[in-house]
Every structure is written in C-alpha cells, then in structure tokens.
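S.K.: This is the content of work30.pdb (PDB, C-alpha atoms):
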ATOM      1  CA  MET A  92     113.880 119.242  94.727
ATOM      2  CA  ILE A  93     114.249 116.555  97.377
ATOM      3  CA  THR A  94     117.414 114.623  98.284
ATOM      4  CA  ASN A  95     118.123 111.013  97.311
ATOM      5  CA  THR A  96     117.701 109.997 100.947
ATOM      6  CA  GLU A  97     114.321 111.711 101.250
ATOM      7  CA  PHE A  98     113.264 109.997  98.021
ATOM      8  CA  ARG A  99     114.353 106.544  99.228
ATOM      9  CA  ASN A 100     112.772 106.934 102.666
ATOM     10  CA  ALA A 101     109.463 108.107 101.191
ATOM     11  CA  MET A 102     109.380 105.369  98.527
ATOM     12  CA  SER A 103     110.187 102.697 101.136
ATOM     13  CA  LYS A 104     106.723 103.189 102.662
ATOM     14  CA  LEU A 105     104.877 102.092  99.507
ATOM     15  CA  VAL A 106     103.518  98.556  99.455
ATOM     16  CA  SER A 107     104.648  96.756  96.319
ATOM     17  CA  ALA A 108     104.678  93.342  94.719
ATOM     18  CA  VAL A 109     108.044  91.616  94.256
ATOM     19  CA  HIS A 110     109.090  90.253  90.867
ATOM     20  CA  ILE A 111     111.952  88.271  89.360
ATOM     21  CA  VAL A 112     112.459  89.794  85.909
ATOM     22  CA  THR A 113     114.257  87.390  83.545
ATOM     23  CA  THR A 114     115.517  87.273  79.977
ATOM     24  CA  ASP A 115     117.115  84.765  77.637
ATOM     25  CA  GLY A 116     118.337  84.933  74.035
ATOM     26  CA  LYS A 117     121.529  85.575  72.142
ATOM     27  CA  SER A 118     122.880  87.573  75.095
ATOM     28  CA  GLY A 119     122.280  84.717  77.559
ATOM     29  CA  ARG A 120     120.062  84.061  80.574
ATOM     30  CA  HIS A 121     119.828  86.731  83.256
ATOM     31  CA  GLY A 122     117.478  87.856  86.010
ATOM     32  CA  PHE A 123     117.093  90.387  88.807
ATOM     33  CA  THR A 124     114.682  91.242  91.618
ATOM     34  CA  ALA A 125     112.429  94.231  90.927
ATOM     35  CA  SER A 126     109.588  96.102  92.520
ATOM     36  CA  ALA A 127     109.335  98.849  89.870
ATOM     37  CA  VAL A 128     106.844  97.115  87.579
ATOM     38  CA  CYS A 129     103.573  98.730  86.554
ATOM     39  CA  SER A 130     100.490  97.945  84.488
ATOM     40  CA  VAL A 131     100.121 100.412  81.586
ATOM     41  CA  THR A 132      97.095  99.491  79.440
ATOM     42  CA  ASP A 133      95.032  96.482  78.379
ATOM     43  CA  THR A 134      94.732  97.855  74.818
ATOM     44  CA  PRO A 135      97.164  96.493  73.777
ATOM     45  CA  PRO A 136      98.183  94.498  76.902
ATOM     46  CA  THR A 137     101.241  96.399  78.124
ATOM     47  CA  LEU A 138     103.362  96.693  81.269
ATOM     48  CA  LEU A 139     106.521  98.566  82.123
ATOM     49  CA  VAL A 140     109.659  97.669  84.069
ATOM     50  CA  CYS A 141     112.159 100.236  85.382
ATOM     51  CA  MET A 142     115.791  99.095  85.422
ATOM     52  CA  ASN A 143     119.021 100.765  86.495
ATOM     53  CA  GLY A 144     121.203 101.313  83.421
ATOM     54  CA  ASN A 145     124.255 100.445  85.545
ATOM     55  CA  ALA A 146     122.936  97.005  86.579
ATOM     56  CA  ARG A 147     125.253  94.235  85.434
ATOM     57  CA  SER A 148     122.557  92.533  83.335
ATOM     58  CA  TYR A 149     121.141  95.706  81.764
ATOM     59  CA  GLU A 150     122.784  95.333  78.347
ATOM     60  CA  HIS A 151     121.643  91.711  78.135
ATOM     61  CA  PHE A 152     117.998  92.718  78.488
ATOM     62  CA  VAL A 153     118.462  95.398  75.826
ATOM     63  CA  GLU A 154     120.113  92.926  73.450
ATOM     64  CA  ASN A 155     117.632  90.081  73.979
ATOM     65  CA  GLN A 156     114.619  92.413  73.559
ATOM     66  CA  VAL A 157     112.424  90.044  75.598
ATOM     67  CA  LEU A 158     111.712  89.594  79.302
ATOM     68  CA  CYS A 159     109.426  87.759  81.688
ATOM     69  CA  VAL A 160     108.004  89.374  84.836
ATOM     70  CA  ASN A 161     107.590  86.578  87.407
ATOM     71  CA  THR A 162     105.560  87.852  90.353
ATOM     72  CA  LEU A 163     106.403  86.112  93.625
ATOM     73  CA  SER A 164     103.957  84.535  96.055
ATOM     74  CA  GLU A 165     104.170  85.074  99.806
ATOM     75  CA  ARG A 166     106.125  81.796 100.057
ATOM     76  CA  GLN A 167     109.008  83.045  97.882
ATOM     77  CA  ALA A 168     110.770  85.791  99.842
ATOM     78  CA  ASP A 169     113.960  83.696  99.785
ATOM     79  CA  LEU A 170     114.049  83.745  95.984
ATOM     80  CA  SER A 171     113.766  87.536  96.027
ATOM     81  CA  GLY A 172     116.990  87.590  98.048
ATOM     82  CA  VAL A 173     118.718  85.199  95.650
ATOM     83  CA  PHE A 174     118.100  87.437  92.628
ATOM     84  CA  ALA A 175     119.352  90.501  94.493
ATOM     85  CA  SER A 176     122.535  88.762  95.727
ATOM     86  CA  PRO A 177     126.120  88.645  94.355
ATOM     87  CA  LEU A 178     125.480  85.122  92.944
ATOM     88  CA  THR A 179     126.131  84.560  89.223
ATOM     89  CA  ALA A 180     123.205  84.137  86.840
ATOM     90  CA  ASP A 181     123.662  80.342  86.719
ATOM     91  CA  GLU A 182     123.811  80.129  90.513
ATOM     92  CA  ARG A 183     120.643  82.211  90.832
ATOM     93  CA  PHE A 184     118.624  80.148  88.349
ATOM     94  CA  ALA A 185     119.732  76.892  90.023
ATOM     95  CA  LYS A 186     117.671  77.869  93.090
ATOM     96  CA  ALA A 187     114.254  77.369  91.434
ATOM     97  CA  GLY A 188     112.418  75.508  88.655
ATOM     98  CA  TRP A 189     111.841  77.205  85.304
ATOM     99  CA  THR A 190     109.807  76.694  82.175
ATOM    100  CA  MET A 191     109.078  78.940  79.192
ATOM    101  CA  LEU A 192     106.149  80.367  77.265
ATOM    102  CA  ALA A 193     106.477  82.281  73.963
ATOM    103  CA  THR A 194     109.627  84.422  74.085
ATOM    104  CA  GLY A 195     112.038  81.924  75.658
ATOM    105  CA  SER A 196     112.543  84.058  78.785
ATOM    106  CA  PRO A 197     112.672  81.947  81.969
ATOM    107  CA  VAL A 198     109.211  81.500  83.516
ATOM    108  CA  LEU A 199     109.230  80.619  87.216
ATOM    109  CA  CYS A 200     107.349  77.318  87.715
ATOM    110  CA  ASP A 201     105.503  78.285  90.892
ATOM    111  CA  SER A 202     105.162  82.041  90.425
ATOM    112  CA  LEU A 203     102.004  83.831  91.533
ATOM    113  CA  VAL A 204     101.691  84.951  87.910
ATOM    114  CA  SER A 205     104.168  85.440  85.033
ATOM    115  CA  PHE A 206     104.002  87.915  82.146
ATOM    116  CA  ASP A 207     106.039  86.933  79.074
ATOM    117  CA  CYS A 208     106.888  90.077  77.117
ATOM    118  CA  GLN A 209     108.490  91.655  74.076
ATOM    119  CA  ILE A 210     110.338  94.906  74.904
ATOM    120  CA  ASP A 211     108.688  97.404  72.545
ATOM    121  CA  GLU A 212     110.442 100.600  73.560
ATOM    122  CA  ILE A 213     113.080 101.835  75.982
ATOM    123  CA  LYS A 214     112.730 105.294  77.537
ATOM    124  CA  THR A 215     115.704 106.565  79.537
ATOM    125  CA  VAL A 216     115.139 108.855  82.558
ATOM    126  CA  GLY A 217     118.239 109.801  84.550
ATOM    127  CA  THR A 218     120.041 106.670  85.763
ATOM    128  CA  HIS A 219     117.184 104.330  84.822
ATOM    129  CA  SER A 220     115.426 103.007  81.744
ATOM    130  CA  ILE A 221     111.732 102.295  81.415
ATOM    131  CA  PHE A 222     111.136  99.142  79.359
ATOM    132  CA  ILE A 223     107.690  99.412  77.762
ATOM    133  CA  CYS A 224     106.660  95.819  77.086
ATOM    134  CA  LYS A 225     103.926  94.118  75.071
ATOM    135  CA  ILE A 226     102.584  91.080  76.937
ATOM    136  CA  ILE A 227     102.654  88.028  74.663
ATOM    137  CA  ALA A 228     101.607  85.301  77.111
ATOM    138  CA  VAL A 229     100.694  84.833  80.784
ATOM    139  CA  LYS A 230     100.844  81.929  83.217
ATOM    140  CA  SER A 231      98.904  81.966  86.476
ATOM    141  CA  GLY A 232      99.771  79.913  89.557
ATOM    142  CA  ASP A 233      97.458  77.445  91.269
ATOM    143  CA  GLY A 234      95.715  80.150  93.291
ATOM    144  CA  THR A 235      96.644  78.687  96.689
ATOM    145  CA  ALA A 236      98.943  81.580  97.710
ATOM    146  CA  LYS A 237      98.611  85.362  97.898
ATOM    147  CA  GLY A 238     101.236  87.715  96.524
ATOM    148  CA  LEU A 239     104.391  88.656  98.422
ATOM    149  CA  ALA A 240     104.395  92.291  99.565
ATOM    150  CA  TYR A 241     107.390  94.521 100.284
ATOM    151  CA  CYS A 242     107.355  97.744 102.286
ATOM    152  CA  ASP A 243     109.279  99.389 105.123
ATOM    153  CA  ARG A 244     112.322  97.462 103.785
ATOM    154  CA  ALA A 245     110.839  94.087 104.805
ATOM    155  CA  TYR A 246     108.719  91.271 103.376
ATOM    156  CA  HIS A 247     105.051  91.147 104.282
ATOM    157  CA  SER A 248     102.002  88.988 103.664
ATOM    158  CA  VAL A 249      98.629  90.537 102.885
ATOM    159  CA  VAL A 250      95.430  89.955 104.852
ATOM    160  CA  ALA A 251      91.977  90.939 103.548
ATOM    161  CA  GLN A 252      90.308  93.841 105.385
ATOM    162  CA  GLY A 253      86.901  93.655 107.084
TER
ATOM    163  CA  MET B  37      98.939  88.301  72.317
ATOM    164  CA  ILE B  38      96.641  87.839  75.306
ATOM    165  CA  THR B  39      93.046  89.054  75.646
ATOM    166  CA  ASN B  40      91.948  92.050  77.743
ATOM    167  CA  THR B  41      90.292  89.664  80.185
ATOM    168  CA  GLU B  42      93.434  87.562  80.588
ATOM    169  CA  PHE B  43      95.409  90.771  81.158
ATOM    170  CA  ARG B  44      93.009  92.054  83.796
ATOM    171  CA  ASN B  45      92.776  88.737  85.635
ATOM    172  CA  ALA B  46      96.556  88.326  85.714
ATOM    173  CA  MET B  47      97.173  91.935  86.835
ATOM    174  CA  SER B  48      94.521  91.620  89.570
ATOM    175  CA  LYS B  49      96.821  89.212  91.464
ATOM    176  CA  LEU B  50      99.577  91.807  91.942
ATOM    177  CA  VAL B  51      99.789  93.479  95.336
ATOM    178  CA  SER B  52      99.874  97.255  94.954
ATOM    179  CA  ALA B  53      99.703 100.420  96.969
ATOM    180  CA  VAL B  54      96.641 102.671  96.522
ATOM    181  CA  HIS B  55      97.034 106.358  95.724
ATOM    182  CA  ILE B  56      94.827 109.425  95.293
ATOM    183  CA  VAL B  57      96.464 111.395  92.495
ATOM    184  CA  THR B  58      95.465 115.065  92.562
ATOM    185  CA  THR B  59      96.080 118.265  90.628
ATOM    186  CA  ASP B  60      95.210 121.951  90.893
ATOM    187  CA  GLY B  61      95.965 124.983  88.742
ATOM    188  CA  LYS B  62      94.366 126.973  85.945
ATOM    189  CA  SER B  63      92.357 123.891  84.911
ATOM    190  CA  GLY B  64      90.924 123.419  88.401
ATOM    191  CA  ARG B  65      91.141 120.838  91.177
ATOM    192  CA  HIS B  66      90.776 117.170  90.277
ATOM    193  CA  GLY B  67      91.721 113.764  91.626
ATOM    194  CA  PHE B  68      91.375 110.038  90.962
ATOM    195  CA  THR B  69      92.261 106.724  92.575
ATOM    196  CA  ALA B  70      95.270 104.977  91.034
ATOM    197  CA  SER B  71      97.387 101.906  91.574
ATOM    198  CA  ALA B  72      99.599 102.354  88.493
ATOM    199  CA  VAL B  73     102.313 104.455  90.131
ATOM    200  CA  CYS B  74     105.977 103.474  90.024
ATOM    201  CA  SER B  75     109.339 104.707  91.297
ATOM    202  CA  VAL B  76     111.705 105.477  88.388
ATOM    203  CA  THR B  77     115.016 106.869  89.713
ATOM    204  CA  ASP B  78     116.444 108.840  92.625
ATOM    205  CA  THR B  79     118.758 110.763  90.270
ATOM    206  CA  PRO B  80     116.876 112.988  89.762
ATOM    207  CA  PRO B  81     113.980 111.951  92.071
ATOM    208  CA  THR B  82     111.345 110.749  89.597
ATOM    209  CA  LEU B  83     108.159 108.687  89.622
ATOM    210  CA  LEU B  84     105.600 107.813  86.972
ATOM    211  CA  VAL B  85     101.806 107.641  86.946
ATOM    212  CA  CYS B  86      99.780 105.842  84.263
ATOM    213  CA  MET B  87      96.420 107.421  83.428
ATOM    214  CA  ASN B  88      93.647 106.507  81.006
ATOM    215  CA  GLY B  89      93.453 109.178  78.296
ATOM    216  CA  ASN B  90      89.653 108.847  78.361
ATOM    217  CA  ALA B  91      89.345 109.620  82.085
ATOM    218  CA  ARG B  92      87.204 112.687  82.697
ATOM    219  CA  SER B  93      90.006 114.570  84.465
ATOM    220  CA  TYR B  94      92.801 113.625  82.036
ATOM    221  CA  GLU B  95      92.964 116.944  80.183
ATOM    222  CA  HIS B  96      93.046 118.854  83.480
ATOM    223  CA  PHE B  97      96.199 117.026  84.577
ATOM    224  CA  VAL B  98      97.808 117.719  81.202
ATOM    225  CA  GLU B  99      96.898 121.417  81.397
ATOM    226  CA  ASN B 100      97.959 121.942  85.032
ATOM    227  CA  GLN B 101     101.298 120.136  84.472
ATOM    228  CA  VAL B 102     101.521 119.298  88.191
ATOM    229  CA  LEU B 103     100.214 116.466  90.366
ATOM    230  CA  CYS B 104     100.490 115.022  93.849
ATOM    231  CA  VAL B 105     100.585 111.275  94.531
ATOM    232  CA  ASN B 106      98.946 110.730  97.933
ATOM    233  CA  THR B 107      99.572 107.165  99.083
ATOM    234  CA  LEU B 108      96.828 105.815 101.355
ATOM    235  CA  SER B 109      97.287 104.153 104.733
ATOM    236  CA  GLU B 110      95.453 100.974 105.710
ATOM    237  CA  ARG B 111      92.833 103.169 107.433
ATOM    238  CA  GLN B 112      91.802 104.926 104.198
ATOM    239  CA  ALA B 113      90.129 102.317 101.987
ATOM    240  CA  ASP B 114      86.914 104.407 102.075
ATOM    241  CA  LEU B 115      88.694 107.360 100.471
ATOM    242  CA  SER B 116      89.914 105.120  97.659
ATOM    243  CA  GLY B 117      86.272 104.379  96.877
ATOM    244  CA  VAL B 118      85.328 108.065  96.979
ATOM    245  CA  PHE B 119      87.899 108.985  94.306
ATOM    246  CA  ALA B 120      86.779 106.138  92.060
ATOM    247  CA  SER B 121      83.059 107.006  92.382
ATOM    248  CA  PRO B 122      80.692 109.111  90.208
ATOM    249  CA  LEU B 123      80.957 112.032  92.698
ATOM    250  CA  THR B 124      82.061 115.422  91.335
ATOM    251  CA  ALA B 125      85.529 116.739  92.118
ATOM    252  CA  ASP B 126      84.193 119.094  94.821
ATOM    253  CA  GLU B 127      82.179 116.298  96.435
ATOM    254  CA  ARG B 128      85.234 114.026  96.447
ATOM    255  CA  PHE B 129      87.568 116.581  98.040
ATOM    256  CA  ALA B 130      84.954 117.411 100.714
ATOM    257  CA  LYS B 131      85.459 113.910 102.172
ATOM    258  CA  ALA B 132      88.981 114.585 103.533
ATOM    259  CA  GLY B 133      91.353 117.300 104.765
ATOM    260  CA  TRP B 134      93.894 118.806 102.378
ATOM    261  CA  THR B 135      96.962 120.985 102.496
ATOM    262  CA  MET B 136      99.612 121.847  99.906
ATOM    263  CA  LEU B 137     103.361 121.781  99.423
ATOM    264  CA  ALA B 138     105.188 123.367  96.469
ATOM    265  CA  THR B 139     103.080 122.896  93.319
ATOM    266  CA  GLY B 140      99.645 123.729  94.749
ATOM    267  CA  SER B 141      98.281 120.235  94.092
ATOM    268  CA  PRO B 142      96.081 118.959  96.946
ATOM    269  CA  VAL B 143      98.111 117.077  99.573
ATOM    270  CA  LEU B 144      96.084 114.684 101.729
ATOM    271  CA  CYS B 145      96.543 115.641 105.404
ATOM    272  CA  ASP B 146      96.813 112.134 106.810
ATOM    273  CA  SER B 147      98.313 110.287 103.847
ATOM    274  CA  LEU B 148     100.903 107.558 104.417
ATOM    275  CA  VAL B 149     103.196 109.677 102.247
ATOM    276  CA  SER B 150     102.651 112.316  99.532
ATOM    277  CA  PHE B 151     104.828 113.128  96.522
ATOM    278  CA  ASP B 152     104.351 116.626  95.076
ATOM    279  CA  CYS B 153     105.425 116.614  91.427
ATOM    280  CA  GLN B 154     105.970 118.525  88.220
ATOM    281  CA  ILE B 155     104.905 116.557  85.122
ATOM    282  CA  ASP B 156     108.082 116.537  83.008
ATOM    283  CA  GLU B 157     107.001 114.419  80.079
ATOM    284  CA  ILE B 158     103.962 112.522  78.824
ATOM    285  CA  LYS B 159     104.435 109.271  76.901
ATOM    286  CA  THR B 160     101.326 107.785  75.277
ATOM    287  CA  VAL B 161     100.960 103.990  74.969
ATOM    288  CA  GLY B 162      97.657 102.715  73.529
ATOM    289  CA  THR B 163      94.727 104.018  75.601
ATOM    290  CA  HIS B 164      96.948 105.318  78.419
ATOM    291  CA  SER B 165      99.530 108.001  79.074
ATOM    292  CA  ILE B 166     102.593 107.659  81.280
ATOM    293  CA  PHE B 167     103.231 110.883  83.211
ATOM    294  CA  ILE B 168     106.949 111.059  84.015
ATOM    295  CA  CYS B 169     107.164 113.334  87.043
ATOM    296  CA  LYS B 170     109.955 115.132  88.880
ATOM    297  CA  ILE B 171     109.364 115.030  92.645
ATOM    298  CA  ILE B 172     109.581 118.540  94.092
ATOM    299  CA  ALA B 173     108.562 117.890  97.699
ATOM    300  CA  VAL B 174     107.434 115.042  99.956
ATOM    301  CA  LYS B 175     105.357 114.822 103.138
ATOM    302  CA  SER B 176     105.414 111.735 105.337
ATOM    303  CA  GLY B 177     102.669 110.707 107.760
ATOM    304  CA  ASP B 178     103.125 110.157 111.482
ATOM    305  CA  GLY B 179     104.322 106.571 111.004
ATOM    306  CA  THR B 180     101.522 105.001 113.058
ATOM    307  CA  ALA B 181      99.910 103.188 110.112
ATOM    308  CA  LYS B 182     101.100 100.815 107.401
ATOM    309  CA  GLY B 183     100.188 101.261 103.738
ATOM    310  CA  LEU B 184      96.887 100.098 102.253
ATOM    311  CA  ALA B 185      97.331  97.158  99.863
ATOM    312  CA  TYR B 186      95.078  96.139  96.959
ATOM    313  CA  CYS B 187      95.007  92.741  95.260
ATOM    314  CA  ASP B 188      92.478  90.119  94.172
ATOM    315  CA  ARG B 189      90.062  93.058  93.684
ATOM    316  CA  ALA B 190      89.913  93.791  97.444
ATOM    317  CA  TYR B 191      91.610  95.917 100.094
ATOM    318  CA  HIS B 192      94.204  94.300 102.327
ATOM    319  CA  SER B 193      96.473  95.177 105.241
ATOM    320  CA  VAL B 194     100.076  94.003 105.325
ATOM    321  CA  VAL B 195     101.650  91.941 108.104
ATOM    322  CA  ALA B 196     105.429  91.491 108.461
ATOM    323  CA  GLN B 197     106.695  87.972 107.742
ATOM    324  CA  GLY B 198     108.508  85.881 110.376
TER
END
Now that the file is in, can you turn its structure into structure tokens?

M.R.:
Amino acid sequence: MITNTEFRNAMSKLVSAVHIVTTDGKSGRHGFTASAVCSVTDTPPTLLVCMNGNARSYEHFVENQVLCVNTLSERQADLSGVFASPLTADERFAKAGWTMLATGSPVLCDSLVSFDCQIDEIKTVGTHSIFICKIIAVKSGDGTAKGLAYCDRAYHSVVAQG
Amino acid sequence: MITNTEFRNAMSKLVSAVHIVTTDGKSGRHGFTASAVCSVTDTPPTLLVCMNGNARSYEHFVENQVLCVNTLSERQADLSGVFASPLTADERFAKAGWTMLATGSPVLCDSLVSFDCQIDEIKTVGTHSIFICKIIAVKSGDGTAKGLAYCDRAYHSVVAQG
C-alpha cells in the first residue's frame, strides 16, 4: 500500500478537466469544484462524479438526487477558485450567470459544456462516494474556447500537438 | 435522455489525461488505451477505470484481477495510438520498454506516472464496467515532461496559465 502523500503527489501529475458540480431541489442550491468526473458509457448516457462524504454540501446532493456537471473553459480558472473557497453557496453562485435545463440544477451560462443529470446510484468507497448519474440533457458552449486543464497543482491551457 | 451522438460530442470537449492500462497474470498480458480513469479517495488509496465489457481484453482483466494505469507524457501520443490499434497484444507491448512493481502488471518505463493496482470490485453500468482498484505501488517519471492531454478528438500539450 502507498501513503496518502504518495497518492496525492502521483495523482497531481494527471491532466484533468475542471468542473463546477451543482445541485438544486428541496435541499437547496449548492456547488463545488471537482476534477474527479468520468465518462462511463453512452448506452445509456452515463457519467460519474466522486465526492468526499465529509464535504459540507454532500448531504444536499444526496437529498436532491440531481446534479449538473459544468465543465469550465480556459477563461474560467477564477470560478474554479470561487467554488473551492470558504464562501457560502449564495456568495459562490453570485459570481456567475446561471440557467437551467431539465433537472433544475444550476447550469453555468458560459460553460464549455454542461451535463444535467439524475443521480441513479451512490457507491461508497472509503471516505468518498461515487455518484453514478444518468445524463438527461446537455448544453454546449459557443465553441470559441478550449477546456481548462489542471495538473501539477496549477491551471493550464491546452495547445494542439503537431 | 440525450442521444449517443450528443453524449459523444459533449464528452469530446473534456480535457483528459491518456493512459495505457495493462494487466498480466494467468490470463496473459494485455493492454488498452483509456481516458476514463478517475481518482476516488486517498483513504485507502483508490482509483477507478471504466472499460467496455465488449473489449477484446475485458475478460483477461477480470480474470487477472490486477492492472496498472500508465499515464502518458506529452512525448507519448504515438503509444496511445498503438494501444488503440488492431495490433495484437505482443505487437503492442513490443513498441515500448516495460518493467513491473508489485502486481506483475506491465509498468511503462518512461510513463509520466504509473499506478499498480489490485481490482477490488467491479460495478457494471450499461455496456461498461467500473473497476474499483486499490493502489498497491506507484512509480513516477523523471519530471522532465508534462502529461499528454486529449480533447476535441486530438492530442494536446498543456501550458501553465499566467
């Protein structure tokens, strides 16, 4: 087995997209910054989100049973910081424009792409839960920006090779 | 619900790392190119890999019960193509140098980072299976290269922002 520090240092090298994962419903409006989002299958269209069970908004996601994965463009590193800060939910959402699709979860107006989802199943592994989500609706941006990338504990832009 | 095409087009915008996922054991040596890999928790150190149940090497991973996630550096786009090609397993592995850590799964010599894992649990969702894996050992590269990024159906390098 490896240590937590070895795990974190190794994982920090991986290039990932950056997402603001949101929810709304009877448990209120909440959102957090995430990189642990993964495509699962297109039959039926499914993605997964990993979330720390100790996060302050965890129970709200479980109760609302819906979420939206808003993938950030390279112009939105600031918003990533906002949704990982000590600000309240209302203060966080005030920093950007929002709309909605099918589930009522907040959809970021100028996201790279947004996936509006129903949480189908929750699988707990250690400290974290894997939300397995059916994608109900998508919204794509205007195509003028590339995705924001995160690795080596810093924000990056991507540049096509060769 | 969205269509398969809408799902694929939306997912293609996400920046991801590129990995060669390998296995070895009583069912032989196999490997495939993957982007659907995700950190789960550091307590205990866990990652997940999504794999199509119809992939030709799927049953070998299930039988061996071990795998190694070899994350590619920006210099290794060619190897990504090799492990997504019609070549046989032996032909694929002949294109690079390999070592091993704890489980016996092939560890790419000059990977950005490699995660040697025991498959703890397999969760099936539609056409795909989620391998939930305990990380037994890691190997980091020499730190001279950044990770390879994939988005918009093309290979990219990453460049730090401002």

S.K.: List the residues selected by the PyMOL selection byres ((chain B) within 7 of (chain A)) in the file shown, writing them as a count of residues only.

M.R.: 38

S.K.: Can you measure CA of Phe222 (chain A) to CA of Gly195 (chain A) for me? One decimal in Å is fine.

M.R.: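 Computed distance, CA of Phe222 (chain A) to CA of Gly195 (chain A), equals 17.6 Å.
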
S.K.: To one decimal in Å, tell me the separation between CA of Gln101 (chain B) and CA of Thr139 (chain B).

M.R.: 9.4 Å

S.K.: What does the structure give for the distance between CA of Ala132 (chain B) and CA of Asp114 (chain B), in Å to one decimal?

M.R.: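 Interatomic distance here is 10.5 Å.
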
S.K.: I need the residue nearest Lys62 (chain B) from this list: B:Arg92, B:Asn100, B:Ile158, B:Ser121. Use all atoms listed in the file for the distance.

M.R.: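 Checking each candidate against Lys62 (chain B), we get B:Asn100 as the closest.
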
S.K.: Spell out the residues picked by the PyMOL selection byres ((chain B and resi 60) around 8) here, as a ChimeraX atom specification.

M.R.: /B:58-59,61-66,100,102-103,140-142

S.K.: Please write the residues picked by the PyMOL selection byres ((chain B and resi 118) around 10) on this file as a ChimeraX atom specification.

M.R.: /B:56,68-69,113-117,119-125,127-129,131-132

S.K.: Which centre and edge lengths in Å to one decimal define the box along x, y and z that fits every listed atom of region 222-229 of chain A plus 4 Å per side, as lines of an AutoDock Vina configuration file?

M.R.:
center_x = 105.9
center_y = 92.1
center_z = 77.7
size_x = 18.4
size_y = 22.6
size_z = 14.1

S.K.: Would you mind telling me which residue in B:Val57, B:Ser147, B:Gln154, B:Asp178 lies nearest to Glu99 (chain B) when using only C-alpha atoms?

M.R.: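 Ranked by minimum distance to Glu99 (chain B), first place goes to B:Gln154.
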
S.K.: Can you tell me, as a ChimeraX atom specification, what residues are no more than 7 Å from region 144-146 of chain B when counting only C-alpha atoms, ignoring any on the same chain fewer than 5 positions away?

M.R.: /B:106,133-135,177
